[in-house]
$ cat work_0.cif   # mmCIF, C-alpha atoms; chains and numbers go by the auth columns
data_upload
loop_
_atom_site.group_PDB
_atom_site.id
_atom_site.type_symbol
_atom_site.label_atom_id
_atom_site.label_comp_id
_atom_site.label_asym_id
_atom_site.label_seq_id
_atom_site.Cartn_x
_atom_site.Cartn_y
_atom_site.Cartn_z
_atom_site.B_iso_or_equiv
_atom_site.auth_seq_id
_atom_site.auth_asym_id
ATOM 1 C CA MET A 1 101.416 93.811 135.166 0.00 1 A
ATOM 2 C CA ARG A 2 103.817 96.658 136.034 0.00 2 A
ATOM 3 C CA VAL A 3 106.788 94.615 134.887 0.00 3 A
ATOM 4 C CA THR A 4 105.068 93.935 131.549 0.00 4 A
ATOM 5 C CA ARG A 5 104.363 97.662 131.041 0.00 5 A
ATOM 6 C CA PHE A 6 107.941 98.514 131.937 0.00 6 A
ATOM 7 C CA ILE A 7 109.339 95.977 129.480 0.00 7 A
ATOM 8 C CA LEU A 8 106.944 97.170 126.775 0.00 8 A
ATOM 9 C CA CYS A 9 107.915 100.822 127.339 0.00 9 A
ATOM 10 C CA LEU A 10 111.582 99.899 127.333 0.00 10 A
ATOM 11 C CA ALA A 11 111.225 97.927 124.084 0.00 11 A
ATOM 12 C CA VAL A 12 109.362 100.788 122.361 0.00 12 A
ATOM 13 C CA SER A 13 111.921 103.362 123.476 0.00 13 A
ATOM 14 C CA VAL A 14 114.818 101.183 122.293 0.00 14 A
ATOM 15 C CA LEU A 15 113.151 100.717 118.898 0.00 15 A
ATOM 16 C CA CYS A 16 112.439 104.432 118.537 0.00 16 A
ATOM 17 C CA CYS A 17 115.968 105.432 119.467 0.00 17 A
ATOM 18 C CA SER A 18 117.796 102.816 117.418 0.00 18 A
ATOM 19 C CA CYS A 19 115.918 103.212 114.139 0.00 19 A
ATOM 20 C CA ALA A 20 116.221 106.360 112.103 0.00 20 A
ATOM 21 C CA ILE A 21 114.721 107.229 108.767 0.00 21 A
ATOM 22 C CA SER A 22 116.507 109.778 106.641 0.00 22 A
ATOM 23 C CA TYR A 23 114.851 111.639 103.787 0.00 23 A
ATOM 24 C CA LYS A 24 116.602 113.783 101.190 0.00 24 A
ATOM 25 C CA PHE A 25 114.281 116.014 99.241 0.00 25 A
ATOM 26 C CA ASN A 26 116.952 117.521 96.985 0.00 26 A
ATOM 27 C CA GLY A 27 117.850 114.204 95.360 0.00 27 A
ATOM 28 C CA ALA A 28 121.601 114.765 95.694 0.00 28 A
ATOM 29 C CA SER A 29 123.765 111.671 95.984 0.00 29 A
ATOM 30 C CA ILE A 30 127.004 113.292 97.075 0.00 30 A
ATOM 31 C CA ASP A 31 129.620 111.696 99.291 0.00 31 A
ATOM 32 C CA TYR A 32 130.515 114.763 101.367 0.00 32 A
ATOM 33 C CA SER A 33 133.475 112.930 102.923 0.00 33 A
ATOM 34 C CA THR A 34 135.313 113.066 99.573 0.00 34 A
ATOM 35 C CA THR A 35 133.550 115.868 97.684 0.00 35 A
ATOM 36 C CA HIS A 36 133.603 119.305 99.292 0.00 36 A
ATOM 37 C CA SER A 37 133.303 121.862 96.492 0.00 37 A
ATOM 38 C CA ILE A 38 132.015 122.586 93.015 0.00 38 A
ATOM 39 C CA SER A 39 133.359 125.249 90.709 0.00 39 A
ATOM 40 C CA VAL A 40 131.008 126.863 88.219 0.00 40 A
ATOM 41 C CA ALA A 41 132.808 128.944 85.610 0.00 41 A
ATOM 42 C CA ASP A 42 131.092 131.783 83.779 0.00 42 A
ATOM 43 C CA PHE A 43 129.202 130.582 80.702 0.00 43 A
ATOM 44 C CA PRO A 44 130.068 132.952 77.822 0.00 44 A
ATOM 45 C CA ASN A 45 127.419 133.668 75.212 0.00 45 A
ATOM 46 C CA ASN A 46 128.677 132.396 71.839 0.00 46 A
ATOM 47 C CA ALA A 47 125.242 132.334 70.190 0.00 47 A
ATOM 48 C CA ALA A 48 124.554 134.265 66.989 0.00 48 A
ATOM 49 C CA LEU A 49 121.701 136.170 68.683 0.00 49 A
ATOM 50 C CA VAL A 50 122.981 137.706 71.928 0.00 50 A
ATOM 51 C CA TYR A 51 120.867 138.732 74.898 0.00 51 A
ATOM 52 C CA PRO A 52 123.409 140.534 77.157 0.00 52 A
ATOM 53 C CA PRO A 53 122.228 139.431 80.640 0.00 53 A
ATOM 54 C CA LEU A 54 121.842 135.771 79.615 0.00 54 A
ATOM 55 C CA SER A 55 125.438 134.710 80.310 0.00 55 A
ATOM 56 C CA ASN A 56 125.468 136.108 83.838 0.00 56 A
ATOM 57 C CA ASP A 57 121.917 134.941 84.615 0.00 57 A
ATOM 58 C CA LEU A 58 122.708 131.362 83.536 0.00 58 A
ATOM 59 C CA SER A 59 125.983 131.187 85.467 0.00 59 A
ATOM 60 C CA GLU A 60 124.397 132.607 88.626 0.00 60 A
ATOM 61 C CA GLY A 61 121.302 130.413 88.257 0.00 61 A
ATOM 62 C CA ILE A 62 123.455 127.276 88.214 0.00 62 A
ATOM 63 C CA ARG A 63 125.580 128.464 91.166 0.00 63 A
ATOM 64 C CA ASP A 64 122.481 129.356 93.150 0.00 64 A
ATOM 65 C CA LEU A 65 120.923 125.923 92.616 0.00 65 A
ATOM 66 C CA TYR A 66 124.005 124.096 93.931 0.00 66 A
ATOM 67 C CA GLN A 67 124.249 126.503 96.852 0.00 67 A
ATOM 68 C CA ARG A 68 120.602 125.944 97.827 0.00 68 A
ATOM 69 C CA GLN A 69 120.428 122.195 97.213 0.00 69 A
ATOM 70 C CA THR A 70 123.803 120.938 98.457 0.00 70 A
ATOM 71 C CA ARG A 71 126.388 121.517 101.170 0.00 71 A
ATOM 72 C CA LEU A 72 129.109 121.934 98.563 0.00 72 A
ATOM 73 C CA GLN A 73 131.198 125.082 98.648 0.00 73 A
ATOM 74 C CA VAL A 74 130.526 126.895 95.362 0.00 74 A
ATOM 75 C CA LEU A 75 133.697 128.315 93.789 0.00 75 A
ATOM 76 C CA ARG A 76 134.620 130.022 90.515 0.00 76 A
ATOM 77 C CA LYS A 77 137.416 127.506 89.785 0.00 77 A
ATOM 78 C CA GLY A 78 139.360 124.619 91.319 0.00 78 A
ATOM 79 C CA GLY A 79 136.519 122.574 92.845 0.00 79 A
ATOM 80 C CA ASP A 80 136.287 118.830 93.392 0.00 80 A
ATOM 81 C CA LEU A 81 133.532 118.992 90.777 0.00 81 A
ATOM 82 C CA GLU A 82 133.864 121.438 87.873 0.00 82 A
ATOM 83 C CA LEU A 83 131.232 122.867 85.538 0.00 83 A
ATOM 84 C CA GLU A 84 132.125 124.963 82.534 0.00 84 A
ATOM 85 C CA GLY A 85 130.684 125.577 79.114 0.00 85 A
ATOM 86 C CA GLU A 86 129.096 128.138 76.855 0.00 86 A
ATOM 87 C CA ILE A 87 125.781 129.270 75.454 0.00 87 A
ATOM 88 C CA THR A 88 125.794 127.929 71.898 0.00 88 A
ATOM 89 C CA GLY A 89 122.306 128.840 70.748 0.00 89 A
ATOM 90 C CA TYR A 90 119.655 131.468 71.360 0.00 90 A
ATOM 91 C CA THR A 91 117.182 131.255 68.510 0.00 91 A
ATOM 92 C CA LEU A 92 113.720 132.378 67.499 0.00 92 A
ATOM 93 C CA THR A 93 111.587 130.070 65.353 0.00 93 A
ATOM 94 C CA PRO A 94 108.120 130.849 63.946 0.00 94 A
ATOM 95 C CA MET A 95 105.677 128.106 64.924 0.00 95 A
ATOM 96 C CA SER A 96 101.929 128.087 64.219 0.00 96 A
ATOM 97 C CA ILE A 97 100.810 129.754 61.011 0.00 97 A
ATOM 98 C CA THR A 98 97.390 131.397 61.014 0.00 98 A
ATOM 99 C CA ALA A 99 95.108 130.344 58.180 0.00 99 A
ATOM 100 C CA SER A 100 93.815 133.812 57.443 0.00 100 A
ATOM 101 C CA ASP A 101 96.993 135.799 56.858 0.00 101 A
ATOM 102 C CA SER A 102 99.930 133.330 56.617 0.00 102 A
ATOM 103 C CA TYR A 103 101.697 134.890 59.589 0.00 103 A
ATOM 104 C CA SER A 104 103.083 133.047 62.558 0.00 104 A
ATOM 105 C CA SER A 105 100.807 133.152 65.594 0.00 105 A
ATOM 106 C CA GLU A 106 103.449 131.745 67.944 0.00 106 A
ATOM 107 C CA THR A 107 107.205 132.010 68.198 0.00 107 A
ATOM 108 C CA LYS A 108 109.527 129.567 69.927 0.00 108 A
ATOM 109 C CA LEU A 109 112.574 130.866 71.808 0.00 109 A
ATOM 110 C CA THR A 110 115.229 128.163 72.276 0.00 110 A
ATOM 111 C CA LEU A 111 118.268 128.288 74.559 0.00 111 A
ATOM 112 C CA THR A 112 121.088 125.763 73.992 0.00 112 A
ATOM 113 C CA VAL A 113 124.014 125.331 76.387 0.00 113 A
ATOM 114 C CA ARG A 114 127.068 123.086 76.082 0.00 114 A
ATOM 115 C CA VAL A 115 128.324 121.843 79.466 0.00 115 A
ATOM 116 C CA ARG A 116 131.555 120.116 80.422 0.00 116 A
ATOM 117 C CA PHE A 117 131.399 118.402 83.805 0.00 117 A
ATOM 118 C CA ILE A 118 134.653 117.236 85.358 0.00 118 A
ATOM 119 C CA ASN A 119 134.512 115.066 88.454 0.00 119 A
ATOM 120 C CA ASN A 120 137.999 115.163 89.978 0.00 120 A
ATOM 121 C CA VAL A 121 136.980 112.623 92.653 0.00 121 A
ATOM 122 C CA ALA A 122 135.456 110.052 90.258 0.00 122 A
ATOM 123 C CA PRO A 123 136.729 110.913 86.738 0.00 123 A
ATOM 124 C CA GLU A 124 134.577 108.223 85.108 0.00 124 A
ATOM 125 C CA GLU A 125 131.494 110.352 85.893 0.00 125 A
ATOM 126 C CA SER A 126 132.763 113.320 83.837 0.00 126 A
ATOM 127 C CA PHE A 127 130.894 114.245 80.651 0.00 127 A
ATOM 128 C CA ASP A 128 130.435 116.777 77.848 0.00 128 A
ATOM 129 C CA LYS A 129 126.768 117.341 77.035 0.00 129 A
ATOM 130 C CA THR A 130 124.405 119.807 75.367 0.00 130 A
ATOM 131 C CA TYR A 131 121.243 120.999 77.130 0.00 131 A
ATOM 132 C CA SER A 132 118.362 122.783 75.501 0.00 132 A
ATOM 133 C CA ALA A 133 115.111 124.378 76.644 0.00 133 A
ATOM 134 C CA TYR A 134 112.454 126.353 74.840 0.00 134 A
ATOM 135 C CA GLN A 135 109.428 128.513 75.511 0.00 135 A
ATOM 136 C CA THR A 136 106.740 129.710 73.123 0.00 136 A
ATOM 137 C CA PHE A 137 105.062 133.091 73.128 0.00 137 A
ATOM 138 C CA ASP A 138 102.378 134.867 71.145 0.00 138 A
ATOM 139 C CA SER A 139 103.870 136.489 68.053 0.00 139 A
ATOM 140 C CA SER A 140 101.811 139.610 68.595 0.00 140 A
ATOM 141 C CA ARG A 141 104.076 140.365 71.572 0.00 141 A
ATOM 142 C CA LEU A 142 107.584 141.729 71.220 0.00 142 A
ATOM 143 C CA LEU A 143 110.484 139.555 72.312 0.00 143 A
ATOM 144 C CA THR A 144 111.743 142.378 74.520 0.00 144 A
ATOM 145 C CA ASP A 145 108.451 142.257 76.458 0.00 145 A
ATOM 146 C CA VAL A 146 108.638 138.538 77.299 0.00 146 A
ATOM 147 C CA GLN A 147 112.373 137.786 77.113 0.00 147 A
ATOM 148 C CA ASP A 148 113.209 138.151 80.819 0.00 148 A
ATOM 149 C CA GLU A 149 110.434 135.803 81.950 0.00 149 A
ATOM 150 C CA LEU A 150 111.109 133.224 79.235 0.00 150 A
ATOM 151 C CA CYS A 151 114.844 133.211 79.953 0.00 151 A
ATOM 152 C CA ARG A 152 114.264 132.727 83.685 0.00 152 A
ATOM 153 C CA THR A 153 112.094 129.684 82.956 0.00 153 A
ATOM 154 C CA MET A 154 114.587 128.170 80.488 0.00 154 A
ATOM 155 C CA ILE A 155 117.552 128.818 82.798 0.00 155 A
ATOM 156 C CA THR A 156 115.736 127.095 85.663 0.00 156 A
ATOM 157 C CA GLU A 157 114.984 124.066 83.481 0.00 157 A
ATOM 158 C CA ILE A 158 118.541 123.775 82.175 0.00 158 A
ATOM 159 C CA ALA A 159 120.086 124.294 85.634 0.00 159 A
ATOM 160 C CA GLU A 160 117.873 121.547 87.096 0.00 160 A
ATOM 161 C CA ASN A 161 118.812 119.159 84.271 0.00 161 A
ATOM 162 C CA ILE A 162 122.515 119.859 84.851 0.00 162 A
ATOM 163 C CA TYR A 163 122.043 119.348 88.603 0.00 163 A
ATOM 164 C CA ASN A 164 120.232 116.041 88.041 0.00 164 A
ATOM 165 C CA ASP A 165 122.949 114.743 85.713 0.00 165 A
ATOM 166 C CA THR A 166 125.852 115.789 87.932 0.00 166 A
ATOM 167 C CA VAL A 167 124.884 115.146 91.552 0.00 167 A
ATOM 168 C CA ALA A 168 121.359 113.719 91.651 0.00 168 A
ATOM 169 C CA LYS A 169 122.040 110.885 89.171 0.00 169 A
ATOM 170 C CA TRP A 170 118.399 110.608 88.087 0.00 170 A
#

$ encode --input "work_0.cif" --output "structure tokens"
Amino acid sequence: MRVTRFILCLAVSVLCCSCAISYKFNGASIDYSTTHSISVADFPNNAALVYPPLSNDLSEGIRDLYQRQTRLQVLRKGGDLELEGEITGYTLTPMSITASDSYSSETKLTLTVRVRFINNVAPEESFDKTYSAYQTFDSSRLLTDVQDELCRTMITEIAENIYNDTVAKW
């Protein structure tokens, strides 16, 4: 009886020690043995409508996401992975028209960013792509009142899409 318990305990401890389950909640599929850094250049604002903090907020939002979600060293230039691009669009579009007075009841703010991704480790994974995000707001409100919040939301969405296409491969 004691021998059976001993063997059972030994078998359970061997199984527990030899099997390991690894979970990644950030979705990154990076080979850290070959890829050590990512450079994120500043994204200049080349849109017709310019919101001054947008360029810096977008660049920092992308850098911050890679810093939080990966073990890659985030650089300004010269990384194993490189991200660069520009803001190509920042537009306002009237949406819903009210029946009573023919005015727009909602306005859509759209942010468009062109991104060039260069993978110096696996060049076949490099790409040039455009990302876009939008938010709507009530037309009775001024853009200056809602702009900061809307831009934060759009930057987060675009940064996550860039992240997914570059290192998460979703």

$ resolve_selection --input "work_0.cif" --expression "the PyMOL selection byres ((chain A and resi 87) around 12)" --output "PDB file with C-alpha atoms, keeping the file's coordinate frame"
ATOM      1  CA  ASP A  42     131.092 131.783  83.779  1.00  0.00           C
ATOM      2  CA  PHE A  43     129.202 130.582  80.702  1.00  0.00           C
ATOM      3  CA  PRO A  44     130.068 132.952  77.822  1.00  0.00           C
ATOM      4  CA  ASN A  45     127.419 133.668  75.212  1.00  0.00           C
ATOM      5  CA  ASN A  46     128.677 132.396  71.839  1.00  0.00           C
ATOM      6  CA  ALA A  47     125.242 132.334  70.190  1.00  0.00           C
ATOM      7  CA  ALA A  48     124.554 134.265  66.989  1.00  0.00           C
ATOM      8  CA  LEU A  49     121.701 136.170  68.683  1.00  0.00           C
ATOM      9  CA  VAL A  50     122.981 137.706  71.928  1.00  0.00           C
ATOM     10  CA  TYR A  51     120.867 138.732  74.898  1.00  0.00           C
ATOM     11  CA  PRO A  52     123.409 140.534  77.157  1.00  0.00           C
ATOM     12  CA  PRO A  53     122.228 139.431  80.640  1.00  0.00           C
ATOM     13  CA  LEU A  54     121.842 135.771  79.615  1.00  0.00           C
ATOM     14  CA  SER A  55     125.438 134.710  80.310  1.00  0.00           C
ATOM     15  CA  ASN A  56     125.468 136.108  83.838  1.00  0.00           C
ATOM     16  CA  ASP A  57     121.917 134.941  84.615  1.00  0.00           C
ATOM     17  CA  LEU A  58     122.708 131.362  83.536  1.00  0.00           C
ATOM     18  CA  SER A  59     125.983 131.187  85.467  1.00  0.00           C
ATOM     19  CA  GLU A  84     132.125 124.963  82.534  1.00  0.00           C
ATOM     20  CA  GLY A  85     130.684 125.577  79.114  1.00  0.00           C
ATOM     21  CA  GLU A  86     129.096 128.138  76.855  1.00  0.00           C
ATOM     22  CA  THR A  88     125.794 127.929  71.898  1.00  0.00           C
ATOM     23  CA  GLY A  89     122.306 128.840  70.748  1.00  0.00           C
ATOM     24  CA  TYR A  90     119.655 131.468  71.360  1.00  0.00           C
ATOM     25  CA  THR A  91     117.182 131.255  68.510  1.00  0.00           C
ATOM     26  CA  THR A 110     115.229 128.163  72.276  1.00  0.00           C
ATOM     27  CA  LEU A 111     118.268 128.288  74.559  1.00  0.00           C
ATOM     28  CA  THR A 112     121.088 125.763  73.992  1.00  0.00           C
ATOM     29  CA  VAL A 113     124.014 125.331  76.387  1.00  0.00           C
ATOM     30  CA  ARG A 114     127.068 123.086  76.082  1.00  0.00           C
ATOM     31  CA  VAL A 115     128.324 121.843  79.466  1.00  0.00           C
ATOM     32  CA  ARG A 116     131.555 120.116  80.422  1.00  0.00           C
ATOM     33  CA  THR A 130     124.405 119.807  75.367  1.00  0.00           C
ATOM     34  CA  TYR A 131     121.243 120.999  77.130  1.00  0.00           C
ATOM     35  CA  SER A 132     118.362 122.783  75.501  1.00  0.00           C
ATOM     36  CA  ALA A 133     115.111 124.378  76.644  1.00  0.00           C
ATOM     37  CA  ILE A 155     117.552 128.818  82.798  1.00  0.00           C
ATOM     38  CA  ILE A 158     118.541 123.775  82.175  1.00  0.00           C
TER      39      ILE A 158
END

$ closest_residue --input "work_0.cif" --among "A:Ser39, A:Thr153, A:Thr34, A:Thr166" --to "Lys77 in chain A" --atoms "all atoms listed in the file"
A:Ser39

$ resolve_selection --input "work_0.cif" --expression "the PyMOL selection byres ((chain A and resi 78) around 10)" --output "list in words"
Ser37, Ile38, Ser39, Val40, Ala41, Val74, Leu75, Arg76, Lys77, Gly79, Asp80, Leu81, Glu82 and Asn120 of chain A

$ atom_distance --input "work_0.cif" --atom1 "CA of Gly61 in chain A" --atom2 "CA of Met154 in chain A"
10.5 Å

$ resolve_selection --input "work_0.cif" --expression "the PyMOL selection byres ((chain A and resi 106) around 8)" --output "MDAnalysis selection string"
chainID A and resid 94:97 104:105 107:108 136:139

$ residues_around --input "work_0.cif" --residues "Phe117 in chain A" --least-positions-apart "5" --cutoff "6 Å" --atoms "all atoms listed in the file" --output "list in words"
Glu82, Leu83, Ser126 and Phe127 of chain A
